[in-house]
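Data block for work-v5.csv (CSV, C-alpha atoms):
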chain,number,residue,atom,x,y,z
A,88,MET,CA,0.0,0.0,0.0
A,89,LYS,CA,1.4,3.3,-1.0
A,90,ILE,CA,-0.2,6.3,0.7
A,91,ALA,CA,-2.8,7.2,3.2
A,92,HIS,CA,-4.4,10.7,3.3
A,93,VAL,CA,-7.2,11.9,5.5
A,94,TYR,CA,-8.8,15.3,4.8
A,95,SER,CA,-10.6,16.5,7.9
A,96,ILE,CA,-12.7,13.5,8.1
A,97,LEU,CA,-15.3,9.3,15.4
A,98,LEU,CA,-14.0,6.4,13.4
A,99,PHE,CA,-10.6,4.7,13.3
A,100,VAL,CA,-9.0,2.9,10.4
A,101,PHE,CA,-8.0,-0.7,9.8
A,102,PHE,CA,-5.7,-1.9,7.0
A,103,PHE,CA,-5.2,-5.7,6.8
A,104,VAL,CA,-4.7,-8.7,4.6
A,105,THR,CA,-6.3,-12.0,5.4
A,106,VAL,CA,-4.6,-15.0,3.9
A,107,LEU,CA,-5.5,-18.7,3.8
A,108,ALA,CA,-3.2,-20.2,1.2
A,109,CYS,CA,-1.2,-17.8,-0.9
A,110,GLU,CA,2.2,-16.1,-1.0
A,111,GLU,CA,3.2,-13.4,-3.4
A,112,GLU,CA,6.7,-12.4,-4.5
A,113,ILE,CA,7.5,-8.7,-3.9
A,114,LYS,CA,7.8,-7.1,-7.4
A,115,GLU,CA,8.6,-3.6,-8.4
A,116,THR,CA,5.8,-1.6,-9.9
A,117,LYS,CA,5.8,1.8,-11.6
A,118,ASP,CA,2.1,2.3,-11.6
A,119,ASP,CA,1.5,5.5,-9.6
A,120,PRO,CA,-2.0,6.9,-10.0
A,121,VAL,CA,-2.2,10.5,-8.8
A,122,ILE,CA,-4.7,11.6,-6.1
A,123,SER,CA,-7.0,14.2,-7.5
A,124,ASP,CA,-6.9,17.9,-6.7
A,125,THR,CA,-7.8,18.2,-3.1
A,126,SER,CA,-7.1,21.9,-2.7
A,127,ALA,CA,-10.6,22.5,-1.4
A,128,TRP,CA,-9.9,20.2,1.5
A,129,LEU,CA,-7.8,20.7,4.7
A,130,LEU,CA,-5.2,17.9,5.1
A,131,VAL,CA,-5.3,16.8,8.7
A,132,TRP,CA,-3.5,13.4,8.6
A,133,PHE,CA,-1.2,11.5,6.2
A,134,ASP,CA,1.4,8.9,6.0
A,135,GLU,CA,3.7,8.6,3.0
A,136,PHE,CA,5.6,5.6,4.4
A,137,ASN,CA,8.9,7.2,3.9
A,138,GLY,CA,10.5,6.2,7.2
A,139,ALA,CA,12.6,3.2,8.0
A,140,GLY,CA,9.7,1.4,9.7
A,141,ILE,CA,6.0,1.7,10.5
A,142,ASN,CA,5.3,4.9,12.5
A,143,ASP,CA,4.0,3.7,15.9
A,144,GLU,CA,2.7,7.2,16.6
A,145,LYS,CA,0.2,6.7,13.7
A,146,TRP,CA,-0.3,2.9,13.6
A,147,ASN,CA,-1.0,0.0,16.0
A,148,LYS,CA,0.2,-3.4,14.9
A,149,LEU,CA,-2.4,-5.9,16.0
A,150,LEU,CA,-1.5,-9.2,17.6
A,151,TRP,CA,-4.4,-11.7,17.1
A,152,ARG,CA,-4.4,-15.5,17.2
A,153,PRO,CA,-6.1,-17.6,14.5
A,154,GLY,CA,-9.9,-17.6,14.7
A,155,TRP,CA,-10.1,-14.4,16.7
A,156,VAL,CA,-12.2,-12.6,14.0
A,157,ASN,CA,-14.3,-14.0,11.2
A,158,ASN,CA,-13.0,-17.5,12.0
A,159,GLU,CA,-9.8,-16.6,10.0
A,160,SER,CA,-7.1,-19.2,9.8
A,161,GLN,CA,-4.1,-16.8,10.0
A,162,ALA,CA,-2.5,-15.1,13.0
A,163,TYR,CA,-1.8,-11.4,12.9
A,164,THR,CA,1.8,-10.6,13.9
A,165,ASP,CA,4.0,-7.6,14.3
A,166,ARG,CA,7.0,-9.3,12.6
A,167,ASP,CA,8.9,-7.5,9.9
A,168,THR,CA,8.1,-10.4,7.6
A,169,ASN,CA,4.4,-9.6,7.7
A,170,LEU,CA,4.6,-5.8,8.1
A,171,PHE,CA,7.3,-3.6,6.7
A,172,ILE,CA,8.2,-0.4,4.8
A,173,LEU,CA,10.1,-0.6,1.5
A,174,ASP,CA,10.6,2.0,-1.2
A,175,GLY,CA,8.0,4.3,0.3
A,176,LYS,CA,5.3,1.6,0.5
A,177,LEU,CA,3.7,-0.2,3.4
A,178,PHE,CA,3.7,-4.0,2.7
A,179,ILE,CA,1.1,-6.1,4.5
A,180,ARG,CA,2.2,-9.6,3.6
A,181,GLY,CA,0.3,-12.8,4.1
A,182,LEU,CA,2.4,-15.9,4.4
A,183,ILE,CA,2.1,-19.7,4.5
A,184,ASP,CA,3.9,-20.2,7.8
A,185,PRO,CA,3.7,-23.9,9.0
A,186,GLY,CA,4.4,-24.4,12.7
A,187,TYR,CA,4.5,-20.7,13.6
A,188,THR,CA,4.1,-20.0,17.3
A,189,GLY,CA,3.2,-16.7,18.8
A,190,THR,CA,1.5,-14.8,21.6
A,191,ASP,CA,-1.6,-12.6,21.1
A,192,TYR,CA,-2.4,-9.3,22.8
A,193,THR,CA,-4.0,-11.1,25.7
A,194,GLY,CA,-0.9,-13.0,26.4
A,195,THR,CA,-2.3,-16.3,25.0
A,196,ASP,CA,0.1,-18.5,23.2
A,197,TYR,CA,-1.0,-20.1,19.9
A,198,ASN,CA,0.1,-22.1,16.9
A,199,ALA,CA,-0.6,-21.0,13.4
A,200,ASP,CA,0.1,-22.2,9.8
A,201,PHE,CA,-0.7,-18.8,8.2
A,202,THR,CA,0.4,-15.3,9.3
A,203,SER,CA,-0.4,-11.8,8.1
A,204,GLY,CA,-0.4,-8.2,9.3
A,205,ARG,CA,-3.1,-5.9,10.5
A,206,VAL,CA,-2.8,-2.2,11.5
A,207,ASN,CA,-5.2,0.4,12.8
A,208,THR,CA,-5.3,3.9,14.3
A,209,ASP,CA,-7.4,3.1,17.3
A,210,GLY,CA,-6.4,5.4,20.2
A,211,LEU,CA,-4.1,7.4,17.9
A,212,ALA,CA,-6.4,9.1,15.5
A,213,THR,CA,-10.1,9.3,14.8
A,214,TRP,CA,-12.2,11.4,12.4
A,215,THR,CA,-15.8,12.3,11.7
A,216,TYR,CA,-16.6,13.4,8.1
A,217,GLY,CA,-14.2,14.4,5.3
A,218,ARG,CA,-12.3,12.5,2.6
A,219,PHE,CA,-9.9,9.4,2.8
A,220,ASP,CA,-7.5,8.6,0.0
A,221,ILE,CA,-5.5,5.3,0.0
A,222,ARG,CA,-3.3,4.3,-2.9
A,223,ALA,CA,-2.9,0.5,-2.9
A,224,LYS,CA,-2.0,-2.5,-4.9
A,225,LEU,CA,-3.9,-5.6,-3.7
A,226,PRO,CA,-2.6,-9.2,-3.3
A,227,LYS,CA,-3.6,-11.9,-5.8
A,228,GLY,CA,-4.8,-15.4,-5.1
A,229,ASN,CA,-7.5,-17.5,-3.6
A,230,GLY,CA,-7.7,-17.1,0.2
A,231,SER,CA,-6.6,-13.5,0.2
A,232,TRP,CA,-8.9,-10.8,1.6
A,233,PRO,CA,-7.3,-7.3,1.8
A,234,ALA,CA,-9.5,-4.7,3.3
A,235,ILE,CA,-9.5,-1.0,4.2
A,236,TRP,CA,-12.3,0.0,6.6
A,237,MET,CA,-13.3,2.0,9.6
A,238,LEU,CA,-15.0,1.2,12.9
A,239,GLY,CA,-16.7,3.5,15.4
A,240,SER,CA,-14.3,4.4,18.3
A,241,ASN,CA,-17.0,3.4,20.7
A,242,ILE,CA,-17.0,-0.3,19.7
A,243,SER,CA,-15.8,-1.4,23.1
A,244,THR,CA,-18.9,-0.1,24.7
A,245,ALA,CA,-21.5,-0.1,22.0
A,246,GLY,CA,-20.4,-3.3,20.3
A,247,TRP,CA,-20.8,-4.1,16.6
A,248,PRO,CA,-22.8,-3.2,14.5
A,249,HIS,CA,-24.1,-0.4,16.8
A,250,CYS,CA,-20.7,1.4,16.6
A,251,GLY,CA,-21.0,1.6,12.8
A,252,GLU,CA,-18.6,0.3,10.1
A,253,ILE,CA,-17.6,1.9,6.8
A,254,ASP,CA,-15.8,-0.5,4.4
A,255,ILE,CA,-13.8,1.6,2.0
A,256,MET,CA,-12.4,-1.3,0.0
A,257,GLU,CA,-12.6,-5.1,0.3
A,258,HIS,CA,-11.3,-7.6,-2.3
A,259,VAL,CA,-12.0,-11.3,-2.0
A,260,GLY,CA,-9.2,-13.4,-3.7
A,261,TYR,CA,-11.5,-15.8,-5.5
A,262,ASP,CA,-13.4,-12.9,-7.1
A,263,ASP,CA,-10.4,-11.2,-8.7
A,264,GLY,CA,-10.9,-7.6,-9.8
A,265,ASN,CA,-14.2,-6.9,-8.0
A,266,ILE,CA,-13.9,-4.2,-5.3
A,267,HIS,CA,-16.6,-4.2,-2.6
A,268,ALA,CA,-17.8,-1.2,-0.5
A,269,SER,CA,-20.3,-1.4,2.4
A,270,ILE,CA,-21.6,0.3,5.5
A,271,HIS,CA,-23.0,-1.5,8.6
A,272,THR,CA,-25.1,0.1,11.3
A,273,THR,CA,-27.7,-1.1,13.8
A,274,ASP,CA,-30.4,-1.1,11.1
A,275,TYR,CA,-28.3,-2.0,8.1
A,276,ASN,CA,-25.9,-4.9,8.5
A,277,HIS,CA,-25.0,-8.2,7.0
A,278,MET,CA,-26.2,-10.2,10.1
A,279,ILE,CA,-29.8,-9.3,9.1
A,280,GLY,CA,-29.2,-9.0,5.4
A,281,THR,CA,-29.8,-5.2,5.2
A,282,GLN,CA,-26.3,-3.9,4.7
A,283,LYS,CA,-25.8,-1.1,2.1
A,284,SER,CA,-23.2,-2.3,-0.4
A,285,SER,CA,-22.0,-2.1,-3.9
A,286,GLN,CA,-19.1,-3.2,-6.1
A,287,VAL,CA,-17.0,-2.0,-9.0
A,288,THR,CA,-14.8,-4.0,-11.4
A,289,ILE,CA,-11.1,-3.0,-11.5
A,290,PRO,CA,-9.4,-5.6,-13.7
A,291,THR,CA,-5.9,-4.5,-12.7
A,292,ALA,CA,-6.6,-4.2,-8.9
A,293,THR,CA,-3.9,-6.9,-8.2
A,294,ASP,CA,-1.5,-5.8,-10.8
A,295,SER,CA,-1.4,-2.0,-10.4
A,296,PHE,CA,-1.8,0.7,-7.8
A,297,HIS,CA,-5.2,2.4,-7.6
A,298,VAL,CA,-6.5,5.2,-5.4
A,299,TYR,CA,-9.5,4.1,-3.2
A,300,SER,CA,-11.4,7.1,-1.8
A,301,LEU,CA,-14.3,7.8,0.5
A,302,GLU,CA,-16.1,11.2,0.9
A,303,TRP,CA,-18.4,11.5,3.9
A,304,ASP,CA,-20.5,14.3,5.4
A,305,THR,CA,-23.7,14.7,7.4
A,306,THR,CA,-25.9,13.8,4.4
A,307,PHE,CA,-24.1,11.4,2.2
A,308,ILE,CA,-21.2,8.9,1.7
A,309,ARG,CA,-19.5,8.6,-1.7
A,310,TYR,CA,-17.1,5.9,-2.9
A,311,LEU,CA,-14.5,6.5,-5.6
A,312,VAL,CA,-11.7,4.6,-7.4
A,313,ASP,CA,-9.1,6.7,-9.2
A,314,ASP,CA,-11.4,9.6,-8.5
A,315,GLU,CA,-14.3,8.0,-10.4
A,316,PRO,CA,-17.5,7.8,-8.2
A,317,TYR,CA,-19.3,4.4,-8.2
A,318,PHE,CA,-21.4,4.2,-5.1
A,319,PHE,CA,-23.5,6.8,-3.2
A,320,ILE,CA,-25.4,6.5,0.1
A,321,TYR,CA,-27.8,9.2,1.2

Rewrite the structure from the file as structure tokens, please.
Amino acid sequence: MKIAHVYSILLFVFFFVTVLACEEEIKETKDDPVISDTSAWLLVWFDEFNGAGINDEKWNKLLWRPGWVNNESQAYTDRDTNLFILDGKLFIRGLIDPGYTGTDYTGTDYNADFTSGRVNTDGLATWTYGRFDIRAKLPKGNGSWPAIWMLGSNISTAGWPHCGEIDIMEHVGYDDGNIHASIHTTDYNHMIGTQKSSQVTIPTATDSFHVYSLEWDTTFIRYLVDDEPYFFIY
């Protein structure tokens, strides 16, 4: 993933890659879509990933054992093999990792055959309303599930879905090239089949960088890819 911008947008952000059975060689890419003119916005947060490592003043590295969320098979670690900065890009790397042993954030030891990375801004930065821009190239292969989404900062007290969730981008590996966008609330969520969602086909999503954007104010939410709108919620 190449860049994260927030333009005056109380939600916190998750970036993560779920992996069940795929590895991908790191390859150089020169695709570099430009974020549109945002001169009308006030830039309040950004990360260009130009440092030697992940900035712990902006990102939490999550430590979750297998099955902790969505019954996923992989563990989320803070290892440099799963999460690292290279050439101005954040790499979130899912690996086949037979026999891996680790400890989650509760101090519980576990065994895992798959590992990946997951970062968020919980407790470090939250926003209500504005625009998000994230430039990313997605992993390829069955079993992968990269996602960029937001949760209400009150999730620990309100619980899900009452805290709200805005999914900026999800891509399921077996459905290559289809980008999904959704919101979940008390009244609209997938547990009762009422979630508000849409999708757009981006054939080169796993081959090239694209800019995934969200605009949000008191009356609407708008989703864009490479500055082209494709989904509106009023």

*May I ask which of the residues A:Trp214, A:Trp146, A:Phe136, A:Tyr317 is the closest one to A:Ile289, counting only C-alpha atoms?*
A:Tyr317

*Which of these residues is nearest to A:Thr213, using all atoms listed in the file: A:Ile179, A:Ile255, A:Leu238, A:Leu130?*
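Nearest candidate to A:Thr213 out of A:Ile179, A:Ile255, A:Leu238, A:Leu130: A:Leu238.
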
Taking (4.5, 9.4, 3.2) in the file's coordinates as the center, which residues reach within 12 Å of it, counting all atoms listed in the file, put as a PDB file with C-alpha atoms, in the coordinates of the input?
ATOM      1  CA  MET A  88       0.000   0.000   0.000  1.00  0.00           C
ATOM      2  CA  LYS A  89       1.400   3.300  -1.000  1.00  0.00           C
ATOM      3  CA  ILE A  90      -0.200   6.300   0.700  1.00  0.00           C
ATOM      4  CA  ALA A  91      -2.800   7.200   3.200  1.00  0.00           C
ATOM      5  CA  HIS A  92      -4.400  10.700   3.300  1.00  0.00           C
ATOM      6  CA  TRP A 132      -3.500  13.400   8.600  1.00  0.00           C
ATOM      7  CA  PHE A 133      -1.200  11.500   6.200  1.00  0.00           C
ATOM      8  CA  ASP A 134       1.400   8.900   6.000  1.00  0.00           C
ATOM      9  CA  GLU A 135       3.700   8.600   3.000  1.00  0.00           C
ATOM     10  CA  PHE A 136       5.600   5.600   4.400  1.00  0.00           C
ATOM     11  CA  ASN A 137       8.900   7.200   3.900  1.00  0.00           C
ATOM     12  CA  GLY A 138      10.500   6.200   7.200  1.00  0.00           C
ATOM     13  CA  ALA A 139      12.600   3.200   8.000  1.00  0.00           C
ATOM     14  CA  GLY A 140       9.700   1.400   9.700  1.00  0.00           C
ATOM     15  CA  ILE A 141       6.000   1.700  10.500  1.00  0.00           C
ATOM     16  CA  ASN A 142       5.300   4.900  12.500  1.00  0.00           C
ATOM     17  CA  LYS A 145       0.200   6.700  13.700  1.00  0.00           C
ATOM     18  CA  ILE A 172       8.200  -0.400   4.800  1.00  0.00           C
ATOM     19  CA  LEU A 173      10.100  -0.600   1.500  1.00  0.00           C
ATOM     20  CA  ASP A 174      10.600   2.000  -1.200  1.00  0.00           C
ATOM     21  CA  GLY A 175       8.000   4.300   0.300  1.00  0.00           C
ATOM     22  CA  LYS A 176       5.300   1.600   0.500  1.00  0.00           C
ATOM     23  CA  LEU A 177       3.700  -0.200   3.400  1.00  0.00           C
ATOM     24  CA  ILE A 221      -5.500   5.300   0.000  1.00  0.00           C
ATOM     25  CA  ARG A 222      -3.300   4.300  -2.900  1.00  0.00           C
TER      26      ARG A 222
END

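Straight-line separation from atom CA of A:Arg166 to atom CA of A:Asp220: 26.3 Å.
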
*So how far away is atom CA of A:Leu149 from atom CA of A:Gly181, in Å?*
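Value for the atom CA of A:Gly181-atom CA of A:Leu149 distance: 14.0 Å.
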
*Enumerate, as an MDAnalysis selection string, the protein, DNA and RNA residues whose atoms approach (-24.2, 7.2, 6.9) to within 8 Å, taking into account all atoms listed in the file and the coordinate frame of the file.*
chainID A and resid 270 303 305:308 320:321

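Distances to A:His267 were evaluated for A:Ala127, A:Leu170, A:Leu311, A:Ala223 using all atoms listed in the file, and the minimum falls at A:Leu311.
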
_One-decimal distance in Å that lies between atom CA of A:Trp232 and atom CA of A:Asp274_ = 25.4 Å

_Spatial neighbours of A:Pro153, max dist 9 Å, only C-alpha atoms, sep filter under 4 positions, as a VMD selection string_ = chain A and resid 158 to 163 197 to 199 201 to 202

*Between A:Ile279, A:Ala234, A:Ser240, A:Thr273, single out the one closest to A:Gly260, counting all atoms listed in the file.*
A:Ala234

*Rank nothing, just name the residue among A:Val298, A:Met237, A:Leu182, A:Leu225 nearest to A:Thr208, using all atoms listed in the file.*
A:Met237

_Between A:Glu302, A:Gly228, A:Thr272, A:Ser295, which residue has the minimum interatomic distance to A:Trp128, considering all atoms listed in the file?_
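Looking only at the distances to A:Trp128, the closest residue turns out to be A:Glu302.
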